[in-house]
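Contents: one structure, followed by commentary.
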Amino acid sequence: MAMAWIWTGMVALSVGYGLYAGTIGAVGAAAMEGAAAAVELCLSMAGILCLWNGVMAVMRSCGLTDSLSRLLRPVLGRLLPQACRDRETLAALSGNVSANLLGLGNAATPLGIKAAQRMAEGCGGQASDELCLLVVLNTASIQLLPTTVAGVRSTLGAESAFDILPAVWLASVISVAAGLLAAKLLARLWRD
């Protein structure tokens with residue numbers, strides 16, 4: 001709700017200043033140009049998202065997600081031991097992590113929600129430490145292939161859309177490490 005007020009305020013200020021400065025025509029033209037660019041970006045990103053969501057579906061149907069689940073089980077088991085006891089929750093967690101590794105936040109979201117719903121069962125309406133940790137890991141995910149960002153860069157004319165890989169790897173590892181540290185520290189402080 002707050003964002004609606006912020007955006008409404010920004011539009012009102014822009015129109016008000018355009019009227020005051022006598023540039024309301026330029027404000028209207030910029031609004032139309034921005035709307036057209038947004039639609040164009042959404043359409044170009046739809047192809048990229050469909051491709052990688054299709055890759056995830058193929059991985060799921062040929063059993064690669066099960067293999068990935070077995071590969072991720074030791075790491076996820078140490079981070080989220082209670083959640084990994086349930087096979088469906090582990091499958092959703094593994095799918096979520098693998099989609100995030102491929103930079104597909106849109107594909108990761110439904111799997112993360114499914115895992116969170118299963119983890120929330122029996123919590124009595126209060127988020128457990130593991131559920132909070134899932135949210136942190138999903139938000140600050142490690143990305144091996146930032147496909148969505150590369151798609152945006154490619155759409156906007158970047159010559160080499162993936163030349164940002166080292167920076168993305170470093171930033172994502174640091175953000176996950178900081179998130180894990182903060183979540184573990186706050187879980188201990190909250191219990192004390």
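Each chain in the structure tokens gets a letter, A, B, ..., in the order shown, and its residues are numbered from 1; ligands are numbered from 1 in order too.
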Margin query: Please return, as a ChimeraX atom specification, all residues of chain A that DSSP assigns to helix (DSSP H, G or I) on the basis of the backbone.
Written below: /A:2-21,24-61,64-79,83-85,87-101,105-120,129-139,147-155,165-191
Note to self: Which residues are near stretch 119-123 of chain A? Cut-off 10 Å, only C-alpha atoms, ignore same chain within fewer than 3 positions. Put them as a PyMOL selection string.
What the structure shows: chain A and resi 82-84+86+89+113-116+126-128+130-131+134
Please save C-alpha atoms of the selected residues as a tab-separated table (two decimals), in the first residue's frame.
```tsv
chain	number	residue	atom	x	y	z
A	82	GLN	CA	13.66	-30.21	9.89
A	83	ALA	CA	12.40	-29.17	6.45
A	84	CYS	CA	14.57	-31.76	4.69
A	86	ASP	CA	9.85	-34.28	4.27
A	89	THR	CA	9.46	-30.04	0.99
A	113	ILE	CA	6.08	-20.58	-1.72
A	114	LYS	CA	5.28	-24.31	-1.82
A	115	ALA	CA	8.24	-25.09	0.45
A	116	ALA	CA	7.29	-22.25	2.82
A	126	GLN	CA	4.48	-18.04	13.91
A	127	ALA	CA	7.41	-18.36	11.51
A	128	SER	CA	10.06	-20.85	12.59
A	130	GLU	CA	14.02	-22.41	9.36
A	131	LEU	CA	11.18	-20.64	7.58
A	134	LEU	CA	14.36	-19.97	3.74
```
Next item on the list: Please provide as number ranges by chain all residues within 12 Å of stretch 44-59 of chain A, with the sequence filter that same-chain residues fewer than 5 positions apart are discarded (counting only C-alpha atoms).
Entry: A: 37-39, 64-69, 94-111, 145-156
Residues just named, written with C-alpha atoms as a compact mmCIF listing (two decimals), in the first residue's frame:
```txt
# COMPACT_ATOMS: atom_id res chain seq x y z
CA ALA A 37 9.57 0.91 -23.29
CA ALA A 38 8.09 -1.06 -20.36
CA VAL A 39 5.81 -3.07 -22.64
CA LEU A 64 17.45 -34.01 -13.14
CA THR A 65 15.68 -32.19 -10.32
CA ASP A 66 15.69 -35.41 -8.30
CA SER A 67 19.42 -35.75 -8.96
CA LEU A 68 19.92 -32.13 -8.00
CA SER A 69 17.86 -32.75 -4.89
CA SER A 94 15.84 -28.10 -4.27
CA GLY A 95 13.81 -26.73 -7.17
CA ASN A 96 13.81 -23.31 -5.58
CA VAL A 97 17.57 -23.35 -5.08
CA SER A 98 18.26 -24.66 -8.60
CA ALA A 99 16.02 -22.01 -10.18
CA ASN A 100 17.81 -19.34 -8.16
CA LEU A 101 21.19 -20.75 -9.24
CA LEU A 102 20.06 -20.23 -12.84
CA GLY A 103 18.95 -16.69 -12.04
CA LEU A 104 15.27 -17.50 -12.53
CA GLY A 105 13.60 -15.74 -9.63
CA ASN A 106 10.22 -15.99 -11.35
CA ALA A 107 10.50 -19.77 -11.63
CA ALA A 108 11.89 -20.04 -8.08
CA THR A 109 9.04 -18.14 -6.45
CA PRO A 110 6.27 -20.77 -6.77
CA LEU A 111 8.62 -23.47 -5.50
CA LEU A 145 23.88 -17.84 -14.32
CA PRO A 146 22.04 -14.53 -13.93
CA THR A 147 19.80 -15.25 -16.90
CA THR A 148 17.17 -12.62 -16.17
CA VAL A 149 19.74 -9.85 -15.72
CA ALA A 150 21.62 -11.03 -18.82
CA GLY A 151 18.34 -11.00 -20.73
CA VAL A 152 17.65 -7.42 -19.70
CA ARG A 153 21.22 -6.44 -20.63
CA SER A 154 20.89 -8.16 -24.00
CA THR A 155 17.55 -6.50 -24.69
CA LEU A 156 19.05 -3.11 -23.90
```
